[in-house]
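S.K.: I am attaching a structure below and will ask some questions about it afterwards.
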Number of protein chains: 4
Amino acid sequence: MYISETKIRVRYGETDQMGYLYYGNYALYYEVGRSEAFRSLGISYRDLEAAGIMMPVVELQVQYFRPAYYDDLITVRTTIKEMPIGSKIVFHSALFNESGKLLNTGVTTLVFYNIQEKQKVIIPNHIEQCLAPFFLNQQDSK
Amino acid sequence: MYISETKIRVRYGETDQMGYLYYGNYALYYEVGRSEAFRSLGISYRDLEAAGIMMPVVELQVQYFRPAYYDDLITVRTTIKEMPIGSKIVFHSALFNESGKLLNTGVTTLVFYNIQEKQKVIIPNHIEQCLAPFFLNQQDSK
Amino acid sequence: MYISETKIRVRYGETDQMGYLYYGNYALYYEVGRSEAFRSLGISYRDLEAAGIMMPVVELQVQYFRPAYYDDLITVRTTIKEMPIGSKIVFHSALFNESGKLLNTGVTTLVFYNIQEKQKVIIPNHIEQCLAPFFLNQQDSK
Amino acid sequence: MYISETKIRVRYGETDQMGYLYYGNYALYYEVGRSEAFRSLGISYRDLEAAGIMMPVVELQVQYFRPAYYDDLITVRTTIKEMPIGSKIVFHSALFNESGKLLNTGVTTLVFYNIQEKQKVIIPNHIEQCLAPFFLNQQDSK
C-alpha cells in the first residue's frame with residue numbers, strides 16, 4: 001500500500017452559489033493528489049507524458065459526505081491499495097477538513113496509454129519498480 | 001421513466017493538454033442535462049432554490065468510454081429511471097457525439113435539502129406531481 | 001465590421017458563493033462567442049488548428065457592470081471592429097441578460113501562431129478572404 | 001506599497017489542448033494571490049464576507065507574455081501599489097515560472113460592497129489600518 005498526502009486550499013472560483021466546493025471540482029483535487037503521490041514516489045507525470053505515455057481516466061466514483069467551503073485547507077490523502085496489474089491503476093482519494101472530518105471520497109481508475117500507438121499498454125517498468133517496494137506482501141502472497 | 005435531451009458544444013477551455021474534454025468537466029454537462037430535464041418538466045431549479053430547497057449531489061459515478069474533443073456537439077441524454085422515493089433523486093446521463101457513439105455515462109444522486117432547516121427533506125409535492133405521470137406503472141405495482 | 005451573436009445559459013458550476021457568474025468564467029463566454037463568430041463566417045477554429053495555426057490570447061480587458069446569475073440566458077455579441085492587420089485580431093464581446101441590460105464587456109486580442117515553426121504568422125489568406133467583404137470601406141480608405 | 005508572494009502549481013485540468021494554462025484560468029491565480037496578500041496582512045476575506053462585505057471584481061486587465069505549462073510551479077507576486085481610496089482597491093499580479101521568466105501580468109480592480117444594503121461602501125476601517133503602515137509616504141504627501 002502506498003499513501004501520500006497533500007494540502008489544497010479551496011478557491012473562491014471553485015465554490016458555487018450554495019457556498020460549497022462545486023461537485024465537479026473534486027476531480028481537480030484528486031488529480032493534484034495523484035500527481036503528488038507520483039512525485040513523492042519519484043515519478044513525474046509530466047515526463048511520462050513527454051515520453052509518450054498518457055493516463056486517461058476510465059472510471060470515477062465519488063461520495064460526498066460533507067461540503068468543503070471557501071478557504072478551507074483540505075488534506076487530500078491518496079492511496080494506491082493494490083499493485084497495478086496490466087494497464088490499469090486505481091487511486092483512492094479521501095478529503096479531510098482542518099478539523100479532521102472526512103468530507104469526500106473518490107476512486108479513480110486510469111490506464112496507461114501509448115500516445116503514438118493509440119492503445120493501452122501495460123504499466124511502464126520504471127513505474128512498477130517505484131511501486132514494488134510498497135507491495136511486497138501482496139507480491140509474496142501470489 | 002422520464003427522458004430529456006440537450007446539446008452542448010465542447011469549449012476550448014474545457015479541454016486539457018491531451019486534447020480531451022477534461023474528466024472533471026463532465027460533471028458540468030450532467031448538471032446542464034439535469035437542469036434541462038427539470039425545465040422540460042416545468043420545474044425551475046432556480047425557483048426551487050429561491051424557495052428554500054437546494055439539491056446537493058451525494059454520489060457520482062462516471063464511466064469514460066471514448067474522449068470528447070473540442071468543438072464536438074455532444075448530445076446529453078438525461079434519464080430519471082425511477083420515481084424518487086424519500087429525499088433522493090437519481091439521474092442517469094449518457095453522452096453521445098455527432099456520429100451517435102456513446103462517449104460517457106454518469107449517474108448522479110442528489111438530495112432535497114431545506115436550506116433554512118439545514119436538513120434533508122422529502123421530495124417537494126410539486127416536483128412529485130410533475131414526475132408522477134411518467135411513472136404510472138411503477139406506482140401501480142407498489 | 002462583423003457582428004455575431006450567440007446565447008449561453010449560466011451553469012451552476014460557473015457561479016461562485018456570491019451567487020454571481022465567477023469573474024474568471026467570462027473568458028469562456030468570450031471564447032464561445034469568438035468561435036461562433038468564426039463559424040458563422042465559414043471558418044472552423046478546429047480546422048485552423050488542425051492545419052497548424054493556433055490562436056493564443058495575448059491580451060484581455062474586462063469590465064464588469066452587472067452580475068450574471070445562475071440560469072440566466074446570456075446573449076454574447078461578438079464584434080470584429082477592424083480588419084486584422086499583421087498577426088493580430090481583436091474581438092469585442094458584450095454580454096446582455098434577458099432584459100437586454102449590458103452586464104459585461106470584454107476585449108480579447110489573439111495572434112495567429114504557426115505551431116510547427118513556433119512563431120507568429122500573418123493572418124491566413126482564407127480567413128482574410130472571409131472577413132474582407134465586411135470591411136470594404138475600411139480598405140477603401142487606406 | 002505592499003507585496004506578497006505565493007506559489008501555485010499548474011493543474012492538468014487547467015491546461016487546454018494547446019498545452020497552455022487556459023487564458024481564463026489566470027483569474028483564479030490572481031484570486032489566490034489576492035487572498036494570500038490579505039492573509040499575510042492579517043485580513044481574512046472569508047471573515048470579511050461573513051461580516052457582510054463582499055468584494056466583486058469590476059475590472060480586469062491581462063497581458064500574456066509566455067505560456068504557463070502543466071506542472072509548472074508558478075510564483076504569483078501580488079502588489080498593492082497605492083493606498084485604496086473610497087470603495088476601490090487595485091491589485092497588480094505578476095506571474096513567474098521556475099526560471100524567473102515573467103509569464104503574465106494582471107490588474108484587478110475590486111470594490112467593497114455591503115451585501116445587505118446592496119451598495120458599494122468605503123474601505124472598512126480594519127482593512128485600512130492593516131494597509132496604512134505600508135503607505136506612510138503616500139499619506140504624508142497628501
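If you're wondering about the labels, chains in the C-alpha cells are A, B, ... by order shown, residues count from 1 in each chain, ligands from 1 in order shown.
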Near chain D, which residues of chain C fall within 9 Å when you count only C-alpha atoms, and what do they look like as a PyMOL selection string?

M.R.: chain C and resi 18+20+23-28+54+56-66

S.K.: Okay, now the selection with N, CA and C atoms, as an mmCIF file, in the first residue's frame?

M.R.:
data_model
loop_
_atom_site.group_PDB
_atom_site.id
_atom_site.type_symbol
_atom_site.label_atom_id
_atom_site.label_comp_id
_atom_site.auth_asym_id
_atom_site.auth_seq_id
_atom_site.Cartn_x
_atom_site.Cartn_y
_atom_site.Cartn_z
ATOM 1 N N MET C 18 -20.863 34.121 -4.062
ATOM 2 C CA MET C 18 -21.603 35.386 -4.146
ATOM 3 C C MET C 18 -22.947 35.189 -4.871
ATOM 4 N N TYR C 20 -22.833 34.950 -8.111
ATOM 5 C CA TYR C 20 -22.533 35.584 -9.398
ATOM 6 C C TYR C 20 -21.803 34.591 -10.311
ATOM 7 N N TYR C 23 -15.886 35.758 -11.920
ATOM 8 C CA TYR C 23 -15.279 36.743 -12.819
ATOM 9 C C TYR C 23 -14.314 36.124 -13.833
ATOM 10 N N GLY C 24 -13.757 34.961 -13.516
ATOM 11 C CA GLY C 24 -12.837 34.315 -14.439
ATOM 12 C C GLY C 24 -13.541 33.528 -15.530
ATOM 13 N N ASN C 25 -14.819 33.220 -15.320
ATOM 14 C CA ASN C 25 -15.527 32.383 -16.288
ATOM 15 C C ASN C 25 -16.036 33.149 -17.510
ATOM 16 N N TYR C 26 -15.997 34.489 -17.450
ATOM 17 C CA TYR C 26 -16.389 35.265 -18.624
ATOM 18 C C TYR C 26 -15.500 34.927 -19.823
ATOM 19 N N ALA C 27 -14.248 34.597 -19.540
ATOM 20 C CA ALA C 27 -13.308 34.259 -20.605
ATOM 21 C C ALA C 27 -13.822 33.095 -21.459
ATOM 22 N N LEU C 28 -14.501 32.138 -20.808
ATOM 23 C CA LEU C 28 -15.096 31.019 -21.545
ATOM 24 C C LEU C 28 -16.219 31.517 -22.458
ATOM 25 N N MET C 54 -2.524 27.992 -34.531
ATOM 26 C CA MET C 54 -3.345 28.189 -33.348
ATOM 27 C C MET C 54 -3.402 29.674 -33.010
ATOM 28 N N PRO C 56 -3.328 31.812 -29.750
ATOM 29 C CA PRO C 56 -3.280 32.155 -28.326
ATOM 30 C C PRO C 56 -3.715 33.600 -28.073
ATOM 31 N N VAL C 57 -4.273 33.821 -26.896
ATOM 32 C CA VAL C 57 -4.701 35.157 -26.479
ATOM 33 C C VAL C 57 -3.492 35.901 -25.920
ATOM 34 N N VAL C 58 -3.297 37.133 -26.340
ATOM 35 C CA VAL C 58 -2.172 37.918 -25.826
ATOM 36 C C VAL C 58 -2.611 39.063 -24.911
ATOM 37 N N GLU C 59 -3.888 39.402 -24.993
ATOM 38 C CA GLU C 59 -4.376 40.479 -24.130
ATOM 39 C C GLU C 59 -5.860 40.309 -23.880
ATOM 40 N N LEU C 60 -6.274 40.665 -22.676
ATOM 41 C CA LEU C 60 -7.685 40.571 -22.279
ATOM 42 C C LEU C 60 -8.019 41.770 -21.408
ATOM 43 N N GLN C 61 -9.118 42.428 -21.728
ATOM 44 C CA GLN C 61 -9.586 43.547 -20.901
ATOM 45 C C GLN C 61 -11.063 43.338 -20.617
ATOM 46 N N VAL C 62 -11.430 43.378 -19.351
ATOM 47 C CA VAL C 62 -12.813 43.109 -18.973
ATOM 48 C C VAL C 62 -13.356 44.225 -18.086
ATOM 49 N N GLN C 63 -14.599 44.614 -18.348
ATOM 50 C CA GLN C 63 -15.310 45.500 -17.424
ATOM 51 C C GLN C 63 -16.608 44.829 -17.005
ATOM 52 N N TYR C 64 -16.811 44.789 -15.694
ATOM 53 C CA TYR C 64 -17.969 44.109 -15.110
ATOM 54 C C TYR C 64 -18.957 45.179 -14.639
ATOM 55 N N PHE C 65 -20.113 45.265 -15.285
ATOM 56 C CA PHE C 65 -21.096 46.282 -14.917
ATOM 57 C C PHE C 65 -22.173 45.746 -13.981
ATOM 58 N N ARG C 66 -22.722 44.588 -14.348
ATOM 59 C CA ARG C 66 -23.772 43.964 -13.529
ATOM 60 C C ARG C 66 -23.488 42.471 -13.496
#

S.K.: I need the residues of chain B that end up classed as helix (DSSP H, G or I) by DSSP on the backbone, written out as an NGL selection string.

M.R.: :B and (12-14 or 26-40 or 45-50 or 125-140)

S.K.: List the spatial neighbours of Lys120 (chain B) as an mmCIF file with C-alpha atoms, in the first residue's frame - criterion: any atom at most 7 Å away, only C-alpha atoms, same-chain residues fewer than 2 positions off excluded.

M.R.:
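Wrote it out as around08.cif, contents follow:
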data_model
loop_
_atom_site.group_PDB
_atom_site.id
_atom_site.type_symbol
_atom_site.label_atom_id
_atom_site.label_comp_id
_atom_site.auth_asym_id
_atom_site.auth_seq_id
_atom_site.Cartn_x
_atom_site.Cartn_y
_atom_site.Cartn_z
ATOM 1 C CA SER B 87 -35.301 12.645 -0.225
ATOM 2 C CA VAL B 111 -30.963 15.005 -2.194
ATOM 3 C CA PHE B 112 -33.606 17.614 -1.497
ATOM 4 C CA TYR B 113 -32.252 19.798 1.298
ATOM 5 C CA ASN B 114 -34.033 22.547 3.226
ATOM 6 C CA ILE B 122 -38.668 14.533 1.168
#

S.K.: Identify which of the residues C:Met83, C:Ala68, C:Leu73, C:Ala51 lies closest to Ile123 (chain C), counting only C-alpha atoms when measuring atom-to-atom distances.

M.R.: C:Met83

S.K.: Neighbouring residues of Ser99 (chain C) were defined as those with any atom within 12 Å, considering only C-alpha atoms; residues of the same chain fewer than 4 positions away were excluded. Please report them as a PyMOL selection string.

M.R.: chain C and resi 68+72-75+95+103

S.K.: From chain D, collect each residue whose DSSP state is strand (DSSP E) and return the set as a ChimeraX atom specification.

M.R.: /D:2-9,53-54,57-64,73-80,88-96,102-111,113-114,119-120

S.K.: Tell me, as a PDB file with C-alpha atoms, in the first residue's frame, which residues lie within 9 Å of Tyr2 (chain C), counting only C-alpha atoms; anything in the same chain fewer than 5 positions away does not count.

M.R.:
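New file part-v8.pdb:
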ATOM      1  CA  ALA C  37     -18.325  34.336 -34.904  1.00  0.00           C
ATOM      2  CA  THR C  78     -19.036  39.425 -30.647  1.00  0.00           C
ATOM      3  CA  THR C  79     -17.761  42.183 -32.884  1.00  0.00           C
ATOM      4  CA  ILE C  80     -14.704  42.438 -35.106  1.00  0.00           C
ATOM      5  CA  LYS C  81     -14.440  46.188 -35.495  1.00  0.00           C
ATOM      6  CA  GLU C  82     -11.400  46.401 -37.718  1.00  0.00           C
ATOM      7  CA  LEU C 131     -13.542  38.812 -43.426  1.00  0.00           C
ATOM      8  CA  PHE C 134     -17.308  43.193 -44.097  1.00  0.00           C
ATOM      9  CA  PHE C 135     -14.557  45.789 -44.185  1.00  0.00           C
TER      10      PHE C 135
END

S.K.: Which residues are near Phe38 (chain C)? Cut-off 12 Å, only C-alpha atoms, ignore same chain within fewer than 3 positions. Put them as a list in words.

M.R.: Tyr2, Ile3, Ser4, Glu5, Thr6, Glu31, Val32, Gly33, Arg34, Ser35, Leu41, Gly42, Ile43, Ser44, Tyr45, Arg46, Asp47, Leu48, Thr78, Thr79, Ile80, Ile89, Phe91, His126, Ile127, Glu128, Cys130 and Leu131 of chain C

S.K.: What would the file look like if the residues just selected were written as a PDB file, in the first residue's frame with N, CA and C atoms?

M.R.:
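Saved result, again.pdb, follows:
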ATOM      1  N   TYR C   2     -17.865  43.239 -38.386  1.00  0.00           N
ATOM      2  CA  TYR C   2     -18.591  41.985 -38.413  1.00  0.00           C
ATOM      3  C   TYR C   2     -19.145  41.696 -37.016  1.00  0.00           C
ATOM      4  N   ILE C   3     -20.452  41.417 -36.958  1.00  0.00           N
ATOM      5  CA  ILE C   3     -21.112  41.167 -35.672  1.00  0.00           C
ATOM      6  C   ILE C   3     -21.779  39.804 -35.690  1.00  0.00           C
ATOM      7  N   SER C   4     -21.623  39.088 -34.584  1.00  0.00           N
ATOM      8  CA  SER C   4     -22.236  37.769 -34.460  1.00  0.00           C
ATOM      9  C   SER C   4     -22.808  37.632 -33.055  1.00  0.00           C
ATOM     10  N   GLU C   5     -23.925  36.920 -32.932  1.00  0.00           N
ATOM     11  CA  GLU C   5     -24.498  36.739 -31.594  1.00  0.00           C
ATOM     12  C   GLU C   5     -24.739  35.263 -31.300  1.00  0.00           C
ATOM     13  N   THR C   6     -24.530  34.893 -30.043  1.00  0.00           N
ATOM     14  CA  THR C   6     -24.858  33.539 -29.619  1.00  0.00           C
ATOM     15  C   THR C   6     -25.376  33.608 -28.183  1.00  0.00           C
ATOM     16  N   GLU C  31     -14.752  33.153 -25.440  1.00  0.00           N
ATOM     17  CA  GLU C  31     -14.213  32.106 -26.329  1.00  0.00           C
ATOM     18  C   GLU C  31     -15.334  31.504 -27.181  1.00  0.00           C
ATOM     19  N   VAL C  32     -16.458  31.176 -26.544  1.00  0.00           N
ATOM     20  CA  VAL C  32     -17.585  30.622 -27.298  1.00  0.00           C
ATOM     21  C   VAL C  32     -18.062  31.641 -28.332  1.00  0.00           C
ATOM     22  N   GLY C  33     -18.131  32.896 -27.939  1.00  0.00           N
ATOM     23  CA  GLY C  33     -18.555  33.948 -28.864  1.00  0.00           C
ATOM     24  C   GLY C  33     -17.626  34.071 -30.068  1.00  0.00           C
ATOM     25  N   ARG C  34     -16.319  34.032 -29.808  1.00  0.00           N
ATOM     26  CA  ARG C  34     -15.347  34.128 -30.910  1.00  0.00           C
ATOM     27  C   ARG C  34     -15.470  32.934 -31.849  1.00  0.00           C
ATOM     28  N   SER C  35     -15.615  31.773 -31.243  1.00  0.00           N
ATOM     29  CA  SER C  35     -15.701  30.533 -32.012  1.00  0.00           C
ATOM     30  C   SER C  35     -16.948  30.544 -32.909  1.00  0.00           C
ATOM     31  N   LEU C  41     -18.866  32.832 -40.106  1.00  0.00           N
ATOM     32  CA  LEU C  41     -18.121  33.352 -41.259  1.00  0.00           C
ATOM     33  C   LEU C  41     -17.666  32.217 -42.180  1.00  0.00           C
ATOM     34  N   GLY C  42     -17.906  30.974 -41.733  1.00  0.00           N
ATOM     35  CA  GLY C  42     -17.459  29.836 -42.523  1.00  0.00           C
ATOM     36  C   GLY C  42     -16.058  29.369 -42.167  1.00  0.00           C
ATOM     37  N   ILE C  43     -15.567  29.855 -41.013  1.00  0.00           N
ATOM     38  CA  ILE C  43     -14.231  29.469 -40.561  1.00  0.00           C
ATOM     39  C   ILE C  43     -14.374  28.516 -39.373  1.00  0.00           C
ATOM     40  N   SER C  44     -13.651  27.398 -39.400  1.00  0.00           N
ATOM     41  CA  SER C  44     -13.662  26.485 -38.260  1.00  0.00           C
ATOM     42  C   SER C  44     -12.353  26.628 -37.509  1.00  0.00           C
ATOM     43  N   TYR C  45     -12.434  27.068 -36.236  1.00  0.00           N
ATOM     44  CA  TYR C  45     -11.194  27.182 -35.478  1.00  0.00           C
ATOM     45  C   TYR C  45     -10.546  25.810 -35.307  1.00  0.00           C
ATOM     46  N   ARG C  46     -11.364  24.763 -35.175  1.00  0.00           N
ATOM     47  CA  ARG C  46     -10.824  23.409 -35.042  1.00  0.00           C
ATOM     48  C   ARG C  46      -9.984  23.041 -36.254  1.00  0.00           C
ATOM     49  N   ASP C  47     -10.499  23.332 -37.442  1.00  0.00           N
ATOM     50  CA  ASP C  47      -9.763  23.012 -38.665  1.00  0.00           C
ATOM     51  C   ASP C  47      -8.487  23.848 -38.781  1.00  0.00           C
ATOM     52  N   LEU C  48      -8.601  25.113 -38.367  1.00  0.00           N
ATOM     53  CA  LEU C  48      -7.440  26.003 -38.421  1.00  0.00           C
ATOM     54  C   LEU C  48      -6.293  25.408 -37.605  1.00  0.00           C
ATOM     55  N   THR C  78     -20.468  39.388 -30.334  1.00  0.00           N
ATOM     56  CA  THR C  78     -19.036  39.425 -30.647  1.00  0.00           C
ATOM     57  C   THR C  78     -18.830  40.280 -31.895  1.00  0.00           C
ATOM     58  N   THR C  79     -17.967  41.251 -31.776  1.00  0.00           N
ATOM     59  CA  THR C  79     -17.761  42.183 -32.884  1.00  0.00           C
ATOM     60  C   THR C  79     -16.282  42.240 -33.280  1.00  0.00           C
ATOM     61  N   ILE C  80     -16.037  42.131 -34.582  1.00  0.00           N
ATOM     62  CA  ILE C  80     -14.704  42.438 -35.106  1.00  0.00           C
ATOM     63  C   ILE C  80     -14.832  43.822 -35.734  1.00  0.00           C
ATOM     64  N   ILE C  89      -5.613  39.835 -34.182  1.00  0.00           N
ATOM     65  CA  ILE C  89      -7.034  40.034 -34.420  1.00  0.00           C
ATOM     66  C   ILE C  89      -7.686  40.366 -33.083  1.00  0.00           C
ATOM     67  N   PHE C  91     -11.203  40.970 -30.839  1.00  0.00           N
ATOM     68  CA  PHE C  91     -12.631  40.694 -30.708  1.00  0.00           C
ATOM     69  C   PHE C  91     -13.214  41.515 -29.552  1.00  0.00           C
ATOM     70  N   HIS C 126      -7.264  32.477 -46.264  1.00  0.00           N
ATOM     71  CA  HIS C 126      -8.693  32.137 -46.336  1.00  0.00           C
ATOM     72  C   HIS C 126      -9.497  32.859 -45.261  1.00  0.00           C
ATOM     73  N   ILE C 127      -8.850  33.217 -44.148  1.00  0.00           N
ATOM     74  CA  ILE C 127      -9.561  33.971 -43.114  1.00  0.00           C
ATOM     75  C   ILE C 127      -9.712  35.415 -43.560  1.00  0.00           C
ATOM     76  N   GLU C 128      -8.656  35.946 -44.136  1.00  0.00           N
ATOM     77  CA  GLU C 128      -8.712  37.315 -44.638  1.00  0.00           C
ATOM     78  C   GLU C 128      -9.838  37.454 -45.678  1.00  0.00           C
ATOM     79  N   CYS C 130     -12.553  35.622 -45.942  1.00  0.00           N
ATOM     80  CA  CYS C 130     -13.878  35.543 -45.313  1.00  0.00           C
ATOM     81  C   CYS C 130     -14.263  36.872 -44.674  1.00  0.00           C
ATOM     82  N   LEU C 131     -13.271  37.566 -44.148  1.00  0.00           N
ATOM     83  CA  LEU C 131     -13.542  38.812 -43.426  1.00  0.00           C
ATOM     84  C   LEU C 131     -13.680  40.019 -44.354  1.00  0.00           C
TER      85      LEU C 131
END
